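Q: Dumping the structure here so I can ask a few things about it.
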Amino acid sequence: MDILTIVGIIVALGAILGGNILEGGQTSSLVQLTAFVIVAGGTVGAIMIQVPIATFKRAMVIASWVFMPPKQSPQEAIEKIVAWSNIARREGLLGLEAIAEEEPDLFARKGLQLLVDGNEPEAIRGILEVDLGTQEYRDNEAAKVYEGMGGYSPTIGIIGAVMGLIHVMNNLADPSMLGSGIAVAFVATIYGVGLANLFFLPIAAKLKGLIHAQASFREMVLEGVVSIAEGENPRNIETKLNGYLH
Amino acid sequence: MDILTIVGIIVALGAILGGNILEGGQTSSLVQLTAFVIVAGGTVGAIMIQVPIATFKRAMVIASWVFMPPKQSPQEAIEKIVAWSNIARREGLLGLEAIAEEEPDLFARKGLQLLVDGNEPEAIRGILEVDLGTQEYRDNEAAKVYEGMGGYSPTIGIIGAVMGLIHVMNNLADPSMLGSGIAVAFVATIYGVGLANLFFLPIAAKLKGLIHAQASFREMVLEGVVSIAEGENPRNIETKLNGYLH
Amino acid sequence: MDILTIVGIIVALGAILGGNILEGGQTSSLVQLTAFVIVAGGTVGAIMIQVPIATFKRAMVIASWVFMPPKQSPQEAIEKIVAWSNIARREGLLGLEAIAEEEPDLFARKGLQLLVDGNEPEAIRGILEVDLGTQEYRDNEAAKVYEGMGGYSPTIGIIGAVMGLIHVMNNLADPSMLGSGIAVAFVATIYGVGLANLFFLPIAAKLKGLIHAQASFREMVLEGVVSIAEGENPRNIETKLNGYLH
Amino acid sequence: MDILTIVGIIVALGAILGGNILEGGQTSSLVQLTAFVIVAGGTVGAIMIQVPIATFKRAMVIASWVFMPPKQSPQEAIEKIVAWSNIARREGLLGLEAIAEEEPDLFARKGLQLLVDGNEPEAIRGILEVDLGTQEYRDNEAAKVYEGMGGYSPTIGIIGAVMGLIHVMNNLADPSMLGSGIAVAFVATIYGVGLANLFFLPIAAKLKGLIHAQASFREMVLEGVVSIAEGENPRNIETKLNGYLH
Amino acid sequence: MDILTIVGIIVALGAILGGNILEGGQTSSLVQLTAFVIVAGGTVGAIMIQVPIATFKRAMVIASWVFMPPKQSPQEAIEKIVAWSNIARREGLLGLEAIAEEEPDLFARKGLQLLVDGNEPEAIRGILEVDLGTQEYRDNEAAKVYEGMGGYSPTIGIIGAVMGLIHVMNNLADPSMLGSGIAVAFVATIYGVGLANLFFLPIAAKLKGLIHAQASFREMVLEGVVSIAEGENPRNIETKLNGYLH
């Protein structure tokens, strides 16, 4: 559970809405259906044109990571890998067969199976690197969906604002409408800028950070599996992998 | 058929036009020939100055990919490559001659012909990499035509708006014209920002994604063909290529 | 002769000026000496401070490429290189001496002379790569002169506009001047944004594309010359170089 | 103690506040709680959504570096490394055991321990490079917290300003409030732009510079330790490491 | 003496000031102490917070390069290096000892001393590359001081302008002050944008170009010195180094 995300949302919304109240404004003046339809619809539509459907679906899936990041304990993983290397020393690589079947992490399991099948270290490295790279690329593309929406929403907010201003200009004859008309037009700007800066862009950045962390966790697993294939000493493997901890 | 593109266009246009109606505006106030001439003409003119004619033509051709992306099934391709490697094992590389002639994908066919001609694995890799890189570069240049238009259209929208404002300023004597004059000027801004963010930029990004997918599909084919040339085991080829699937 | 450049200029200017006429504006209201002096002078001055004199001169020279791109036929070049490799096979590398003296392309001639002098393939590759890289760098620097002007001109247009507005503000007492004063101020914005987006930036991009095309053409020549030095088979050379065609 | 940072803060704030006084403005007109709540809260909230908690904490820790940069004397380090290489020559690598235990710098100590344990030069390089890279990455992520805040604060300043303008527009009936209402709205813009350009962005850049300096200091230590492992001549080690001084 | 820099300053300032006069404005209306204090002070303060003191000092030193670029004649340097290689051939590397002591260029002198000391070619290359890279990095950091100021000054100009507008808004009661008040506020914008685009950014770009030229000059010297250490033929050295001339 990523508490900082939730605190961040509360702080940001609290500051904006609280600031509005402090200023003597009414929260209802910031709630405006038309502006929301334009900004949200335009942004979602633009991103739908931009990405293939698989990327769009993956973006929906990994959105939950913002609150529930994938669990990874490098410390535990190092202990596990060192234990594997001890087994491989005592019982040979075939001794890892039972462990491979029970390993919950799919990437580590694939590495173990490649070990059990008796592949060369360089072949294992090659296969796992393609695997790691392909998954990292796919997840980064999904994270860019939010980055893309963070790029589109302010400009579509501007479209909404300008459309509002056109509406105002066409009704200049009725000055009593002027102020509130412009006010309504401005709400689209706030929605565009706010959605981008308080949601889409921070979410995209958090996802990218998590994807990077996952890739470097997998790189550590890869390094460990390849070291086992090379028959390296368990103590040396531990020293090497500890460099990834910080 | 890329349904998400079509849904995206409907959602985006629906949100903008529907939002305008919700606000009590008339759709006709967003339709303005002069603004369209300035923005579309200026944008197309600028990009024509920017790119060589071959790139411009290629951009026209690949535009259709947005709705009809080039079909590629990595799964099927892996099956085919594994079948080829089995044939090569049983009958020698010359056994692939008949298959090469019937292969519909031009890149794969070139790879097969290089195999049949008995080239060295490294020579095959070199030739196919140049081929892949040259085509990827050319297609990316074509995709950048839309990126370039997405860069020009908002600024040319600003030119249109400022020209409209100049026109308004020169007629300040007639205040009844003021509001609608400014309204007209603002439409150019909407066209510039809207064309960029709802069409040019999403299209450019989708094309780039498709080009990347095609290049990595071809990389997989290349890897398979080179592995056949190296006489690798069909089962190993399958394991290696499966890493590209996700 | 690059016809697309000329069509682009006509389309872009036609759209802007035609749009102005459609709107009922006068073309003369877009012609303003003061604004032009500020924007053009400021932009040229800024770029003069920025670049060394050799780069500035080179930028003047390659500007003509926008209309008359350097002629390069990869197809013909491949035929020539294959012919050279046949001569080298039959008569030895010294047989290329007469051809080297008559070769019009300076880069290809340098490659031929290195062949005739009997240099090692790796030495030839090293010398030609430094040559290619140095020229590509110099030309790209020259292209960046236009990119730089495209960056400066909109901001200097803003300086011009703000100066105009200051002038207007200082004469608020005379409201009859207000509108036309602001109109004049806006023309500087149009000049700044227009020069950048309709001339400087497209020109810089076209030059960069031409420079890249020239570099990759030379890379192909380099690859061919080195292959001849390595005594490779003419048919293989042809296959390899054909990958550069697309 | 980084005196330039303190001078910079005094100069920047002095210029802004002094300029305001010179202009005849009151400093109190620049102090506005509501605007501060919106800008600071929104910015901090957005960054909290963006980064994992470990990065956020690390950013708090390294903030102090802006005033108290981590001490590093490359000159002294070179002297120390040369002294170590002399000891290694005279007494063998085990002679460094006592020194390793007393070395205050954790990175250098790890290098010494790897030497004492008799690891191969390439193994030492590998382990120290992972260590160096992981720490540099983590610190850079922390520095990007300030860069991120520098990106969010101006846009959230705009949200604050637009919210203020909406408030003004809703009260157009009372013209006496107009000027001061807009004035209040503008303060949010100043806070957003000012916090970004006078604090967040310069701080992020200073931290990145310090992190780079630390990484290249460690690279020098790494190079020295590996050279000792390779049994290189102390005089050569000194010559090589002196290249890092400038 | 870099004449183009001086011509550029004259052209740019002439265009701005001349344009103002053409428009009927007074030069004095562009001179405003308060605006200058805010923009210059804020910009200098921000950069002081950003960079370490050594970088700030180095930036002051290399500023003079804009008018007096460091002299480098690649042509002469090639002649000198070829002469050295002839001496090394005739008299052995020790024959370069007297020349090393009199060589004015510090980088070339270091290279000669490494030759005279009889180091291996790869060791010489390693030491000189670290030296070249460290100096290039340090100078580029110094050039980025001007780039940084070019980034800060427009935004601080906006702070100045908004502060001016706040001042105006607080005095709306006195309409006679309105126009000139806004005019004063706009001057800060001009200072911010003008300093960035006519001074800081062009200076940063010119310095970066000079630093690159110096680095590639030193690369040529390095290549020559290493070739001498490898005992290469003087004629071949000349051919190779000539590739750097263009």
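In the structure tokens, chains take the letters A, B, ... in the order shown, each chain's residues start at 1, and ligands count up from 1 in the order shown.
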Can you pull out the residues contacting Ala15 of chain C? Cut-off 6 Å, using only C-alpha atoms, and skip same-chain residues under 3 positions away; I want them as a list in words.

A: Val37, Ile38, Gly41 and Gly42 of chain B; Val11, Ala12, Gly18 and Gly19 of chain C

Q: Do you have, as a tab-separated table, the list of residues of chain E lying at most 6 Å from chain D, each with its nearest atom pair and that distance in Å to one decimal, counting only C-alpha atoms and ordered by chain then number?

A:
```
residue	atom	partner	partner_atom	distance
E:Thr34	CA	D:Gly19	CA	5.2
E:Val37	CA	D:Ala15	CA	5.8
E:Ile38	CA	D:Ala15	CA	4.9
E:Gly41	CA	D:Ala15	CA	4.9
E:Gly42	CA	D:Ala12	CA	4.2
E:Gly45	CA	D:Gly8	CA	4.0
E:Ala46	CA	D:Leu198	CA	5.1
E:Met48	CA	D:Gly8	CA	4.7
E:Ile49	CA	D:Thr5	CA	4.2
E:Gln50	CA	D:Pro202	CA	4.1
E:Val51	CA	D:Lys206	CA	5.5
E:Ile127	CA	D:Lys240	CA	5.4
E:Val130	CA	D:Gly243	CA	5.6
E:Asp131	CA	D:Gly243	CA	4.6
E:Ile159	CA	D:Ile190	CA	5.5
E:Ile166	CA	D:Ala183	CA	4.6
E:His167	CA	D:Gly25	CA	5.9
E:Met169	CA	D:Gly179	CA	4.5
E:Asn170	CA	D:Ser180	CA	5.6
```

Q: Residues of the last selection are to be written out with all heavy atoms, as a short mmCIF file (atom, residue, chain, number, x, y, z; two decimals), in the first residue's frame.

A:
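Output saved as part_20.cif:
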```cif
data_model
loop_
_atom_site.label_atom_id
_atom_site.label_comp_id
_atom_site.auth_asym_id
_atom_site.auth_seq_id
_atom_site.Cartn_x
_atom_site.Cartn_y
_atom_site.Cartn_z
N THR E 34 14.27 49.95 -11.80
CA THR E 34 13.60 48.93 -11.00
C THR E 34 13.53 47.60 -11.73
O THR E 34 13.88 46.54 -11.19
CB THR E 34 12.17 49.39 -10.68
OG1 THR E 34 12.23 50.71 -10.19
CG2 THR E 34 11.54 48.49 -9.65
N VAL E 37 16.92 45.96 -11.82
CA VAL E 37 17.30 45.37 -10.53
C VAL E 37 16.63 44.02 -10.34
O VAL E 37 17.27 43.02 -9.98
CB VAL E 37 16.93 46.33 -9.37
CG1 VAL E 37 17.00 45.60 -8.03
CG2 VAL E 37 17.84 47.54 -9.37
N ILE E 38 15.32 43.96 -10.61
CA ILE E 38 14.59 42.71 -10.39
C ILE E 38 15.12 41.60 -11.31
O ILE E 38 15.47 40.51 -10.85
CB ILE E 38 13.08 42.92 -10.64
CG1 ILE E 38 12.51 43.86 -9.58
CG2 ILE E 38 12.33 41.60 -10.65
CD1 ILE E 38 11.08 44.30 -9.83
N GLY E 41 19.12 40.98 -10.85
CA GLY E 41 19.38 40.44 -9.51
C GLY E 41 18.80 39.05 -9.34
O GLY E 41 19.46 38.13 -8.85
N GLY E 42 17.55 38.89 -9.77
CA GLY E 42 16.92 37.58 -9.63
C GLY E 42 17.64 36.51 -10.42
O GLY E 42 17.85 35.39 -9.94
N GLY E 45 21.07 35.82 -8.83
CA GLY E 45 20.85 35.09 -7.58
C GLY E 45 20.51 33.64 -7.82
O GLY E 45 21.07 32.73 -7.18
N ALA E 46 19.60 33.40 -8.77
CA ALA E 46 19.18 32.02 -9.05
C ALA E 46 20.37 31.18 -9.50
O ALA E 46 20.54 30.04 -9.07
CB ALA E 46 18.08 32.00 -10.11
N MET E 48 23.48 31.69 -8.87
CA MET E 48 24.42 31.48 -7.75
C MET E 48 23.96 30.32 -6.87
O MET E 48 24.79 29.56 -6.36
CB MET E 48 24.50 32.74 -6.89
CG MET E 48 25.40 33.80 -7.48
SD MET E 48 25.26 35.30 -6.46
CE MET E 48 26.76 36.14 -6.92
N ILE E 49 22.64 30.19 -6.68
CA ILE E 49 22.16 29.05 -5.90
C ILE E 49 22.44 27.75 -6.66
O ILE E 49 22.72 26.71 -6.08
CB ILE E 49 20.63 29.18 -5.63
CG1 ILE E 49 20.34 30.50 -4.91
CG2 ILE E 49 20.11 28.00 -4.83
CD1 ILE E 49 18.87 30.80 -4.70
N GLN E 50 22.39 27.84 -7.98
CA GLN E 50 22.48 26.63 -8.80
C GLN E 50 23.87 26.00 -8.90
O GLN E 50 23.99 24.78 -8.90
CB GLN E 50 21.95 26.96 -10.20
CG GLN E 50 22.16 25.82 -11.18
CD GLN E 50 21.33 25.99 -12.42
OE1 GLN E 50 20.24 26.54 -12.40
NE2 GLN E 50 21.83 25.51 -13.52
N VAL E 51 24.91 26.84 -9.04
CA VAL E 51 26.21 26.25 -9.39
C VAL E 51 27.21 26.34 -8.24
O VAL E 51 27.14 27.25 -7.40
CB VAL E 51 26.81 26.93 -10.64
CG1 VAL E 51 25.90 26.73 -11.82
CG2 VAL E 51 27.12 28.39 -10.40
N ILE E 127 45.33 8.22 -20.39
CA ILE E 127 45.59 9.40 -19.56
C ILE E 127 45.09 10.67 -20.25
O ILE E 127 44.43 11.51 -19.65
CB ILE E 127 47.10 9.49 -19.23
CG1 ILE E 127 47.47 8.35 -18.27
CG2 ILE E 127 47.45 10.84 -18.64
CD1 ILE E 127 48.97 8.16 -18.10
N VAL E 130 41.20 10.98 -20.25
CA VAL E 130 40.65 11.44 -18.98
C VAL E 130 40.85 12.96 -18.85
O VAL E 130 39.94 13.70 -18.49
CB VAL E 130 41.32 10.70 -17.80
CG1 VAL E 130 41.03 11.41 -16.49
CG2 VAL E 130 40.83 9.27 -17.73
N ASP E 131 42.06 13.40 -19.21
CA ASP E 131 42.38 14.82 -19.12
C ASP E 131 41.45 15.66 -19.99
O ASP E 131 40.83 16.64 -19.54
CB ASP E 131 43.81 14.99 -19.63
CG ASP E 131 44.47 16.22 -19.09
OD1 ASP E 131 45.09 16.12 -18.02
OD2 ASP E 131 44.32 17.29 -19.73
N ILE E 159 7.99 37.62 -13.37
CA ILE E 159 7.75 38.01 -11.98
C ILE E 159 7.73 39.53 -11.86
O ILE E 159 6.84 40.12 -11.25
CB ILE E 159 8.83 37.40 -11.05
CG1 ILE E 159 8.69 35.87 -11.01
CG2 ILE E 159 8.75 37.99 -9.65
CD1 ILE E 159 9.72 35.19 -10.12
N ILE E 166 0.51 44.12 -10.26
CA ILE E 166 -0.11 44.18 -8.93
C ILE E 166 -0.13 45.63 -8.44
O ILE E 166 -1.14 46.14 -7.95
CB ILE E 166 0.66 43.30 -7.93
CG1 ILE E 166 0.47 41.82 -8.26
CG2 ILE E 166 0.23 43.59 -6.49
CD1 ILE E 166 1.29 40.88 -7.39
N HIS E 167 1.03 46.29 -8.61
CA HIS E 167 1.16 47.68 -8.22
C HIS E 167 0.10 48.54 -8.92
O HIS E 167 -0.58 49.37 -8.30
CB HIS E 167 2.57 48.13 -8.57
CG HIS E 167 2.92 49.48 -8.03
ND1 HIS E 167 2.79 49.80 -6.70
CD2 HIS E 167 3.38 50.60 -8.66
CE1 HIS E 167 3.15 51.07 -6.53
NE2 HIS E 167 3.52 51.57 -7.69
N MET E 169 -2.74 47.53 -10.24
CA MET E 169 -4.08 47.15 -9.80
C MET E 169 -4.41 47.81 -8.46
O MET E 169 -5.57 48.18 -8.22
CB MET E 169 -4.16 45.61 -9.65
CG MET E 169 -4.10 44.88 -10.95
SD MET E 169 -5.52 45.27 -12.02
CE MET E 169 -4.90 44.75 -13.61
N ASN E 170 -3.41 47.89 -7.60
CA ASN E 170 -3.65 48.51 -6.29
C ASN E 170 -3.89 50.01 -6.38
O ASN E 170 -4.29 50.64 -5.41
CB ASN E 170 -2.46 48.24 -5.35
CG ASN E 170 -2.47 46.80 -4.85
OD1 ASN E 170 -3.54 46.19 -4.75
ND2 ASN E 170 -1.31 46.27 -4.54
#
```

Q: Would you list, as an NGL selection string, the residues of segment 3-245 of chain D that end up in alpha helix (DSSP H) under DSSP run on this structure's backbone?

A: :D and (3-22 or 33-50 or 53-62 or 74-91 or 97-102 or 106-116 or 121-170 or 178-194 or 201-229 or 234-242)

Q: Can you tell me how far atom CA of Ala35 of chain C sits from atom CA of Gln32 of chain E, in Å to one decimal?

A: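 If I compute the distance from atom CA of Ala35 of chain C to atom CA of Gln32 of chain E, I get 22.4 Å.
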
Q: Residues near segment 92-97 of chain D, anyone? I mean within 10 Å using only C-alpha atoms, not counting same-chain ones fewer than 2 positions away, as a list in words.

A: Trp84, Ser85, Asn86, Ile87, Ala88, Arg89, Arg90, Ile99, Ala100, Glu101, Glu102, Arg109, Leu112, Gln113, Leu114, Leu115, Val116, Asp117, Gly118, Ile228, Ala229 and Gly231 of chain D

Q: Counting only C-alpha atoms, which residue out of D:Arg138, D:Arg218, D:Lys144, D:Arg235 sits closest to Gly111 of chain D?

A: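 Closest to Gly111 of chain D, using only C-alpha atoms: D:Arg218.
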
Q: Need to verify the contact set: Val145 of chain C, 9 Å, only C-alpha atoms, exclusion of same-chain residues closer than 2 positions in sequence. Can you return it as a ChimeraX atom specification?

A: /C:47,50-51,55-56,59,140-143,147-150,200,204

Q: Any chance you can output those residues with N, CA, C and O atoms as a short mmCIF file (atom, residue, chain, number, x, y, z; two decimals), in the first residue's frame?

A:
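Output (again.cif):
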```cif
data_model
loop_
_atom_site.label_atom_id
_atom_site.label_comp_id
_atom_site.auth_asym_id
_atom_site.auth_seq_id
_atom_site.Cartn_x
_atom_site.Cartn_y
_atom_site.Cartn_z
N ILE C 47 21.88 35.52 -33.68
CA ILE C 47 22.57 34.34 -34.24
C ILE C 47 24.02 34.67 -34.55
O ILE C 47 24.90 33.80 -34.47
N GLN C 50 25.90 34.13 -31.61
CA GLN C 50 25.94 32.72 -31.24
C GLN C 50 26.98 31.88 -31.96
O GLN C 50 27.59 31.00 -31.37
N VAL C 51 27.15 32.11 -33.27
CA VAL C 51 27.97 31.15 -34.03
C VAL C 51 29.30 31.76 -34.49
O VAL C 51 29.41 32.96 -34.69
N THR C 55 30.87 29.00 -39.45
CA THR C 55 29.56 28.36 -39.45
C THR C 55 28.52 29.25 -40.12
O THR C 55 27.66 28.79 -40.86
N PHE C 56 28.61 30.55 -39.84
CA PHE C 56 27.68 31.50 -40.43
C PHE C 56 27.79 31.49 -41.96
O PHE C 56 26.78 31.45 -42.67
N ALA C 59 26.40 28.35 -43.40
CA ALA C 59 24.94 28.38 -43.39
C ALA C 59 24.41 29.13 -44.61
O ALA C 59 23.40 28.74 -45.21
N ASN C 140 25.84 20.15 -40.02
CA ASN C 140 24.77 20.21 -39.03
C ASN C 140 24.83 21.49 -38.21
O ASN C 140 23.80 22.07 -37.88
N GLU C 141 26.06 21.93 -37.88
CA GLU C 141 26.20 23.21 -37.17
C GLU C 141 25.60 24.34 -38.01
O GLU C 141 24.95 25.24 -37.48
N ALA C 142 25.86 24.29 -39.33
CA ALA C 142 25.33 25.33 -40.21
C ALA C 142 23.80 25.28 -40.26
O ALA C 142 23.12 26.31 -40.25
N ALA C 143 23.25 24.06 -40.28
CA ALA C 143 21.78 23.92 -40.29
C ALA C 143 21.19 24.48 -39.00
O ALA C 143 20.09 25.05 -38.98
N GLU C 147 17.88 26.80 -37.22
CA GLU C 147 17.14 26.36 -36.05
C GLU C 147 17.22 27.43 -34.95
O GLU C 147 16.24 27.75 -34.30
N GLY C 148 18.44 27.96 -34.77
CA GLY C 148 18.62 29.01 -33.77
C GLY C 148 17.78 30.24 -34.08
O GLY C 148 17.13 30.81 -33.21
N MET C 149 17.76 30.64 -35.36
CA MET C 149 16.96 31.81 -35.73
C MET C 149 15.47 31.51 -35.50
O MET C 149 14.71 32.38 -35.07
N GLY C 150 15.08 30.25 -35.76
CA GLY C 150 13.69 29.85 -35.48
C GLY C 150 13.37 29.89 -34.00
O GLY C 150 12.21 30.04 -33.61
N PHE C 200 12.35 29.60 -40.96
CA PHE C 200 13.56 29.12 -40.29
C PHE C 200 13.47 27.64 -39.89
O PHE C 200 14.35 26.86 -40.22
N ALA C 204 15.58 24.59 -41.51
CA ALA C 204 16.56 23.85 -40.69
C ALA C 204 16.28 22.35 -40.78
O ALA C 204 17.21 21.55 -40.95
#
```
